[in-house]
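Shown next: entry_24.cif, given as mmCIF, C-alpha atoms.
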data_model
#
loop_
_atom_site.label_atom_id
_atom_site.label_comp_id
_atom_site.auth_asym_id
_atom_site.auth_seq_id
_atom_site.Cartn_x
_atom_site.Cartn_y
_atom_site.Cartn_z
CA MET A 1 0.00 0.00 0.00
CA ARG A 2 1.41 3.35 -1.07
CA VAL A 3 1.85 5.85 1.76
CA GLU A 4 0.99 9.40 0.77
CA PRO A 5 3.43 12.12 1.87
CA LYS A 6 2.19 14.30 4.68
CA VAL A 7 1.07 17.72 3.48
CA THR A 8 3.32 20.25 5.15
CA SER A 9 0.89 22.92 6.30
CA ILE A 10 1.12 25.80 8.73
CA ASP A 11 0.30 23.40 11.59
CA ASN A 12 3.67 21.70 11.15
CA TYR A 13 5.36 24.89 12.38
CA ASN A 14 4.95 26.75 15.62
CA PHE A 15 3.88 30.01 13.98
CA SER A 16 0.86 31.69 12.41
CA PHE A 17 2.74 33.82 9.92
CA PRO A 18 6.26 33.61 8.48
CA GLY A 19 7.77 36.37 10.62
CA GLU A 20 7.64 34.12 13.70
CA VAL A 21 10.08 31.49 12.46
CA THR A 22 13.63 31.58 11.19
CA ILE A 23 13.57 31.16 7.41
CA PRO A 24 16.78 30.43 5.50
CA GLN A 25 18.32 33.31 3.60
CA ALA A 26 17.66 33.13 -0.12
CA PRO A 27 20.68 32.61 -2.38
CA PRO A 28 21.84 35.42 -4.72
CA GLU A 29 19.55 36.08 -7.70
CA PHE A 30 16.74 34.11 -6.01
CA LYS A 31 13.27 35.16 -7.15
CA SER A 32 10.00 35.12 -5.24
CA GLY A 33 6.50 36.49 -5.47
CA PHE A 34 2.75 35.98 -5.25
CA ILE A 35 0.76 34.69 -8.23
CA GLY A 36 -3.01 35.06 -8.31
CA ILE A 37 -4.87 32.28 -10.12
CA VAL A 38 -8.15 33.76 -11.38
CA GLY A 39 -10.82 32.73 -13.84
CA ARG A 40 -14.42 31.65 -14.24
CA PRO A 41 -15.75 28.89 -11.96
CA ASN A 42 -14.75 25.34 -12.89
CA VAL A 43 -11.90 26.10 -15.31
CA GLY A 44 -9.44 23.98 -13.31
CA LYS A 45 -7.75 26.53 -11.05
CA SER A 46 -7.56 24.29 -7.98
CA THR A 47 -6.42 21.26 -9.99
CA LEU A 48 -3.69 23.44 -11.48
CA MET A 49 -2.45 24.62 -8.09
CA ASN A 50 -2.39 21.07 -6.73
CA GLN A 51 -0.27 19.98 -9.70
CA LEU A 52 2.10 22.93 -9.41
CA VAL A 53 2.86 22.41 -5.70
CA GLY A 54 2.94 18.63 -6.09
CA GLN A 55 0.36 17.80 -3.41
CA LYS A 56 -3.38 18.05 -2.93
CA ILE A 57 -4.14 21.13 -0.87
CA ALA A 58 -7.21 22.46 -2.72
CA ILE A 59 -10.39 20.46 -3.23
CA THR A 60 -11.77 19.85 -6.72
CA SER A 61 -15.11 18.70 -8.08
CA PRO A 62 -17.26 19.03 -11.22
CA VAL A 63 -19.45 21.51 -9.31
CA ALA A 64 -18.83 25.16 -10.18
CA GLN A 65 -17.66 27.54 -7.42
CA THR A 66 -16.02 24.74 -5.42
CA THR A 67 -13.32 27.10 -4.11
CA ARG A 68 -14.58 29.54 -1.45
CA ASN A 69 -11.46 30.76 0.33
CA ARG A 70 -8.27 32.31 -0.94
CA LEU A 71 -5.92 29.38 -0.55
CA ARG A 72 -2.15 29.75 -0.85
CA GLY A 73 -0.02 27.01 -2.34
CA ILE A 74 3.76 27.28 -2.16
CA LEU A 75 6.29 25.91 -4.65
CA THR A 76 9.97 26.35 -3.82
CA THR A 77 12.66 25.49 -6.38
CA PRO A 78 16.42 26.13 -6.23
CA GLU A 79 15.89 29.38 -8.12
CA ALA A 80 12.53 30.71 -6.90
CA GLN A 81 9.63 30.55 -4.48
CA LEU A 82 6.22 30.87 -6.11
CA ILE A 83 3.25 31.52 -3.82
CA PHE A 84 0.04 30.70 -5.67
CA VAL A 85 -3.22 32.29 -4.50
CA ASP A 86 -6.16 30.15 -5.66
CA THR A 87 -9.23 32.39 -5.74
CA PRO A 88 -12.96 31.65 -5.95
CA GLY A 89 -14.29 31.67 -9.50
CA ILE A 90 -15.41 35.15 -10.56
CA HIS A 91 -19.14 35.06 -11.33
CA LYS A 92 -22.33 37.08 -10.92
CA PRO A 93 -23.20 36.67 -7.22
CA HIS A 94 -26.73 35.69 -6.17
CA HIS A 95 -26.37 35.91 -2.37
CA GLN A 96 -24.19 37.41 0.36
CA LEU A 97 -21.76 34.47 0.23
CA GLY A 98 -21.31 34.93 -3.51
CA GLU A 99 -20.61 38.64 -3.04
CA VAL A 100 -17.95 37.88 -0.43
CA LEU A 101 -16.29 35.29 -2.68
CA VAL A 102 -16.17 37.54 -5.74
CA GLN A 103 -14.96 40.52 -3.69
CA ASN A 104 -12.13 38.41 -2.26
CA ALA A 105 -11.12 37.34 -5.76
CA LYS A 106 -11.01 40.99 -6.87
CA ILE A 107 -8.89 41.92 -3.83
CA ALA A 108 -6.47 39.13 -4.73
CA ILE A 109 -5.94 40.65 -8.18
CA GLU A 110 -4.59 43.83 -6.59
CA SER A 111 -2.46 42.13 -3.94
CA VAL A 112 -0.32 39.80 -6.07
CA ASP A 113 2.74 40.31 -8.27
CA VAL A 114 1.42 38.42 -11.30
CA VAL A 115 -2.05 37.24 -12.33
CA LEU A 116 -2.47 33.90 -14.08
CA PHE A 117 -5.83 34.21 -15.84
CA VAL A 118 -6.98 30.62 -16.43
CA VAL A 119 -9.50 29.85 -19.18
CA ASP A 120 -11.05 26.62 -20.45
CA GLY A 121 -9.35 25.75 -23.73
CA GLY A 122 -12.06 23.19 -24.49
CA VAL A 123 -14.58 25.94 -25.25
CA ALA A 124 -14.36 29.28 -27.05
CA CYS A 125 -13.81 32.55 -25.21
CA GLY A 126 -17.14 33.65 -23.72
CA SER A 127 -18.78 36.60 -21.99
CA GLY A 128 -17.57 35.44 -18.55
CA ASP A 129 -13.97 35.44 -19.76
CA ARG A 130 -14.37 38.87 -21.32
CA TYR A 131 -15.87 40.24 -18.08
CA ILE A 132 -12.82 39.06 -16.11
CA ALA A 133 -10.50 40.45 -18.80
CA GLU A 134 -12.11 43.87 -18.32
CA LEU A 135 -11.52 43.65 -14.55
CA LEU A 136 -7.88 42.73 -15.11
CA CYS A 137 -7.39 45.64 -17.50
CA ARG A 138 -8.33 48.06 -14.71
CA SER A 139 -5.51 46.66 -12.61
CA LYS A 140 -1.81 47.40 -13.03
CA THR A 141 -0.86 43.81 -12.16
CA PRO A 142 0.86 41.94 -15.04
CA VAL A 143 -1.30 39.20 -16.56
CA ILE A 144 -0.48 35.86 -18.19
CA LEU A 145 -3.32 34.14 -20.04
CA GLY A 146 -3.28 30.41 -19.28
CA VAL A 147 -5.28 28.19 -21.62
CA ASN A 148 -6.08 25.05 -19.62
CA LYS A 149 -7.68 21.72 -20.63
CA ILE A 150 -5.82 21.40 -23.93
CA ASP A 151 -6.27 17.64 -23.48
CA GLN A 152 -10.01 18.19 -23.98
CA GLN A 153 -9.75 20.21 -27.18
CA PRO A 154 -11.35 18.75 -30.33
CA SER A 155 -9.11 17.74 -33.22
CA ASP A 156 -10.03 20.93 -35.07
CA SER A 157 -9.39 23.41 -32.26
CA GLN A 158 -7.93 26.30 -34.23
CA PHE A 159 -11.03 28.45 -33.75
CA LEU A 160 -10.76 27.94 -29.98
CA ASP A 161 -7.09 28.89 -29.95
CA ASP A 162 -7.78 31.93 -32.12
CA SER A 163 -10.45 33.26 -29.73
CA TYR A 164 -7.97 33.32 -26.85
CA ALA A 165 -5.04 34.46 -29.00
CA GLN A 166 -7.10 37.49 -30.02
CA MET A 167 -7.85 38.28 -26.37
CA ALA A 168 -4.17 38.00 -25.41
CA GLN A 169 -3.09 40.12 -28.35
CA SER A 170 -5.64 42.86 -27.71
CA HIS A 171 -4.46 43.22 -24.09
CA GLU A 172 -0.77 42.56 -24.81
CA TRP A 173 -0.72 39.52 -22.54
CA GLU A 174 1.59 36.56 -22.86
CA ILE A 175 -0.23 33.29 -23.47
CA VAL A 176 0.63 29.72 -22.49
CA LYS A 177 -1.26 26.46 -23.12
CA PHE A 178 -1.30 23.51 -20.72
CA SER A 179 -3.32 20.73 -19.15
CA ALA A 180 -3.56 20.73 -15.36
CA LYS A 181 -4.96 17.19 -15.55
CA THR A 182 -2.07 15.63 -17.51
CA SER A 183 0.65 18.17 -16.55
CA ALA A 184 1.40 18.83 -20.23
CA GLY A 185 2.87 22.33 -20.61
CA LEU A 186 3.29 22.93 -16.87
CA PRO A 187 7.11 23.13 -16.97
CA GLN A 188 6.81 25.90 -19.58
CA LEU A 189 4.18 27.65 -17.45
CA GLN A 190 6.43 27.49 -14.40
CA GLU A 191 9.37 28.95 -16.33
CA LEU A 192 7.21 31.80 -17.64
CA LEU A 193 5.92 32.62 -14.16
CA ILE A 194 9.45 32.70 -12.72
CA GLU A 195 10.51 35.08 -15.51
CA HIS A 196 7.86 37.54 -14.28
CA LEU A 197 9.02 37.49 -10.65
CA GLU A 198 11.51 39.90 -9.10
CA ILE A 199 14.55 39.01 -7.01
CA GLY A 200 13.29 38.52 -3.48
CA PRO A 201 13.44 36.58 -0.20
CA LEU A 202 12.05 33.25 0.92
CA TYR A 203 8.66 34.12 2.39
CA TYR A 204 8.06 30.61 3.75
CA PRO A 205 10.19 27.61 4.80
CA PRO A 206 11.27 25.70 1.65
CA ASP A 207 9.31 22.53 2.54
CA LEU A 208 5.99 24.30 3.24
CA VAL A 209 3.32 23.74 0.56
CA THR A 210 0.42 25.71 2.08
CA ASP A 211 -0.13 28.39 4.69
CA GLN A 212 -3.53 27.00 5.66
CA PRO A 213 -3.94 25.10 8.95
CA GLU A 214 -4.73 21.40 8.80
CA ARG A 215 -8.16 22.07 10.36
CA PHE A 216 -9.11 24.15 7.32
CA ILE A 217 -7.95 21.46 4.89
CA MET A 218 -9.81 18.79 6.88
CA GLY A 219 -13.04 20.78 6.52
CA GLU A 220 -12.45 21.23 2.81
CA LEU A 221 -11.87 17.50 2.32
CA ILE A 222 -15.23 16.79 3.98
CA ARG A 223 -16.92 19.40 1.77
CA GLU A 224 -15.28 17.89 -1.30
CA GLN A 225 -16.93 14.52 -0.66
CA ILE A 226 -20.31 16.22 -0.24
CA LEU A 227 -19.82 17.92 -3.61
CA LEU A 228 -18.81 14.66 -5.27
CA LEU A 229 -21.53 12.47 -3.74
CA THR A 230 -24.53 14.83 -3.81
CA ARG A 231 -23.66 16.86 -6.95
CA GLU A 232 -26.28 19.57 -7.57
CA GLU A 233 -28.63 18.60 -4.72
CA VAL A 234 -27.06 20.52 -1.80
CA PRO A 235 -23.44 21.59 -2.48
CA HIS A 236 -23.72 25.38 -2.47
CA SER A 237 -25.73 25.35 0.77
CA VAL A 238 -23.06 23.49 2.75
CA ALA A 239 -20.47 24.85 5.18
CA ILE A 240 -18.21 22.75 7.40
CA ALA A 241 -17.22 23.55 10.99
CA ILE A 242 -14.46 21.49 12.59
CA ASP A 243 -15.56 21.26 16.22
CA LEU A 244 -12.78 19.12 17.67
CA VAL A 245 -9.41 17.68 16.66
CA GLU A 246 -8.00 15.43 19.37
CA GLU A 247 -4.64 13.80 18.64
CA THR A 248 -3.27 10.70 20.39
CA PRO A 249 -0.24 8.57 19.46
CA SER A 250 -2.50 5.97 17.82
CA ILE A 251 -5.37 7.93 16.26
CA THR A 252 -6.71 11.44 15.56
CA ARG A 253 -10.33 12.02 16.60
CA ILE A 254 -12.25 14.63 14.60
CA LEU A 255 -15.77 15.94 15.20
CA ALA A 256 -17.28 18.10 12.46
CA THR A 257 -20.63 19.76 11.77
CA ILE A 258 -22.11 20.05 8.29
CA ASN A 259 -24.26 23.18 8.15
CA VAL A 260 -27.13 23.34 5.62
CA GLU A 261 -30.01 25.76 5.08
CA ARG A 262 -33.07 23.48 4.90
CA ASP A 263 -34.42 20.31 6.52
CA SER A 264 -34.72 18.72 3.08
CA GLN A 265 -30.97 19.18 2.55
CA LYS A 266 -30.30 17.60 5.93
CA GLY A 267 -32.35 14.60 4.84
CA ILE A 268 -30.37 14.26 1.61
CA LEU A 269 -27.05 14.39 3.46
CA ILE A 270 -28.09 11.81 6.03
CA GLY A 271 -29.73 9.53 3.47
CA LYS A 272 -31.77 6.40 4.03
CA SER A 273 -30.77 4.85 7.35
CA GLY A 274 -27.78 7.22 7.42
CA ALA A 275 -26.22 5.69 4.28
CA MET A 276 -25.20 8.98 2.62
CA LEU A 277 -23.63 10.46 5.76
CA LYS A 278 -21.74 7.20 6.28
CA ALA A 279 -20.43 7.31 2.69
CA ILE A 280 -19.35 10.96 3.04
CA GLY A 281 -17.59 10.19 6.31
CA SER A 282 -15.83 7.11 4.94
CA GLU A 283 -14.47 8.87 1.85
CA ALA A 284 -13.49 12.00 3.78
CA ARG A 285 -11.75 9.94 6.44
CA GLU A 286 -9.57 8.28 3.79
CA GLN A 287 -8.55 11.67 2.39
CA ILE A 288 -7.80 13.09 5.84
CA GLN A 289 -5.70 10.02 6.69
CA LYS A 290 -3.60 10.76 3.60
CA LEU A 291 -3.33 14.38 4.71
CA ILE A 292 -1.97 13.59 8.17
CA SER A 293 -0.38 10.19 7.41
CA GLY A 294 -2.17 8.55 10.33
CA LYS A 295 -5.36 6.82 11.48
CA VAL A 296 -8.48 8.97 11.82
CA TYR A 297 -11.80 8.61 13.63
CA LEU A 298 -14.26 11.02 12.00
CA GLU A 299 -17.74 11.75 13.35
CA LEU A 300 -20.08 13.99 11.37
CA PHE A 301 -23.18 15.89 12.48
CA VAL A 302 -25.69 17.76 10.28
CA LYS A 303 -27.19 21.05 11.46
CA VAL A 304 -29.84 23.24 9.81
CA GLN A 305 -28.88 26.92 9.87
CA PRO A 306 -31.53 28.74 7.76
CA LYS A 307 -30.27 31.27 5.20
CA TRP A 308 -26.68 31.20 6.50
CA ARG A 309 -25.41 32.35 3.08
CA GLN A 310 -27.43 35.57 3.42
CA SER A 311 -26.26 36.43 6.94
CA ARG A 312 -23.01 38.32 7.48
CA ILE A 313 -22.90 37.05 11.08
CA SER A 314 -23.31 33.42 10.03
CA LEU A 315 -20.78 33.84 7.24
CA ALA A 316 -18.22 35.24 9.67
CA GLU A 317 -18.88 32.43 12.17
CA LEU A 318 -18.24 29.87 9.42
CA GLY A 319 -15.05 31.58 8.27
CA TYR A 320 -16.29 33.54 5.26
CA ARG A 321 -15.48 37.25 5.34
CA VAL A 322 -14.09 39.87 3.02
CA GLU A 323 -10.32 39.58 3.27
CA GLU A 324 -8.06 42.57 3.71
#

Encoded form (structure tokens):
Amino acid sequence: MRVEPKVTSIDNYNFSFPGEVTIPQAPPEFKSGFIGIVGRPNVGKSTLMNQLVGQKIAITSPVAQTTRNRLRGILTTPEAQLIFVDTPGIHKPHHQLGEVLVQNAKIAIESVDVVLFVVDGGVACGSGDRYIAELLCRSKTPVILGVNKIDQQPSDSQFLDDSYAQMAQSHEWEIVKFSAKTSAGLPQLQELLIEHLEIGPLYYPPDLVTDQPERFIMGELIREQILLLTREEVPHSVAIAIDLVEETPSITRILATINVERDSQKGILIGKSGAMLKAIGSEAREQIQKLISGKVYLELFVKVQPKWRQSRISLAELGYRVEE
């Protein structure tokens, strides 16, 4: 049985931000910087970041708007440290949660050194892509247009390529094609990103791959299984709260609450005789065991919290707020 490497998160260090730990001095000519990954929902941003850092730190699913928080992934090479900021998909918001997510994505555009604008190369450039392009044009942050999913392009894909080439040319952006799923073109993407970075320090320890605590990733892994197993029935109405993480030498005990908005959604998540909740827990437990490289006991509860996506107080309690 293959043992997955432990994800080195912020919990593996006794600090909450890099200034509290001694970080090695970067060698001469070392480059570093922050790269914002933006794009429409479901274009493969989280899959791309997982591939770039070499470990799963962001959840993925076929459901649009899977990413809710700005998640940082860290790739350190002998010549550079790239800090990727995976943002929620930019879309027209329909509730308070959506407004918070889109606002955080816009803030990320202004707070990074380079923007990687990811588009779906399997379909032609659309109105959603053009809307994001307009937002990026208002910013002074350099932009690279990344055409993802080239493995899903039809044999006659010239018209697709042309639609994105025209966008890149009109905005004077560099363009790179790749597949986050197969890793084709990712070495070229990495080289291009490093070219756009300035000489700078190590912001994080070289072996760190994310600045998120393990508790956050645990909650996301539970939410991922809900997205995968329930699809369009309840996913956008779900928020996870990790209530307890109790570590012993032999096992880690985790208690978590799944918050939904309606009783009907609670029924779907529990399932007949508890079958769905058991399946979610079993799959999530396996993923968390890979995360921490140890045995896990996971107990899930389902709680109805009406209209939590519309309440700023509820959003804040569940960890969703406009970031500075």

I'd like to see the residues matched by the PyMOL selection byres ((chain A and resi 124-141) around 6) on this file, and ideally I'd get them as a PDB file with C-alpha atoms, in the coordinates of the input.
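Dumped everything to result-v3.pdb:
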ATOM      1  CA  VAL A 114       1.420  38.420 -11.300  1.00  0.00           C
ATOM      2  CA  VAL A 123     -14.580  25.940 -25.250  1.00  0.00           C
ATOM      3  CA  PRO A 142       0.860  41.940 -15.040  1.00  0.00           C
ATOM      4  CA  LEU A 160     -10.760  27.940 -29.980  1.00  0.00           C
ATOM      5  CA  SER A 163     -10.450  33.260 -29.730  1.00  0.00           C
TER       6      SER A 163
END

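Closest to A:Arg40 among A:Val119, A:Val85, A:Met276, A:Val112 is A:Val119, based on all atoms listed in the file.
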
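With all atoms listed in the file as the atoms that count, the residue of A:Asp113, A:Glu198, A:Asp151, A:Glu214 with the shortest distance to A:Glu79 is A:Glu198.
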
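Between atom CA of A:Gly36 and atom CA of A:Ile288 there is a distance of 26.6 Å.
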
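Distances from A:Leu227, A:Ile144, A:Ser237, A:Gly121 to A:Ser157 were compared using all atoms listed in the file, and the smallest one belongs to A:Gly121.
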
Query - Contacts of A:Val38 within 7 Å, only C-alpha atoms, excl. fewer than 5 positions in-chain, as a VMD selection string - result: chain A and resid 87 89 116 to 118

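The space between atom CA of A:Ile23 and atom CA of A:Pro206 spans 8.3 Å.
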
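What the PyMOL selection byres ((chain A and resi 265) around 10) picks from this file is Glu233, Val234, Pro235, Ser237, Val238, Asn259, Val260, Glu261, Arg262, Asp263, Ser264, Lys266, Gly267, Ile268, Leu269, Ile270, Gly271, Val302, Lys303 and Val304 of chain A.
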
Query raised in the report: Which polymer residues have any atom within 9 Å of an atom of A:Arg285, counting only C-alpha atoms, with same-chain residues fewer than 3 positions away left out, as number ranges by chain?
Result: A: 221-222, 280-282, 288-290, 295-298

Query raised in the report: What is the atom CA of A:Val147-atom CA of A:Asp162 distance in Å, reported with one decimal?
Result: 11.4 Å

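Considering the residues A:Lys272, A:Met218, A:Gln212, A:Asn42 and counting all atoms listed in the file, A:Arg253 has its shortest atom-to-atom contact with A:Met218.
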
Requested in this report: Please write the residues picked by the PyMOL selection byres ((chain A and resi 152) around 12) on this file as a PyMOL selection string.
Outcome: chain A and resi 43+120-123+147-151+153-157+160+178-182

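Remark: for A:Ala241, the closest of the candidate residues A:Ala279, A:Gln188, A:Pro205, A:Leu300 is A:Leu300 (distances computed over only C-alpha atoms).
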
Report task. Rank A:Ser183, A:Gln190, A:Gln55, A:Ser111 by their smallest atom-to-atom distance to A:Ala80, using all atoms listed in the file, and report the top residue only. Result -> A:Gln190
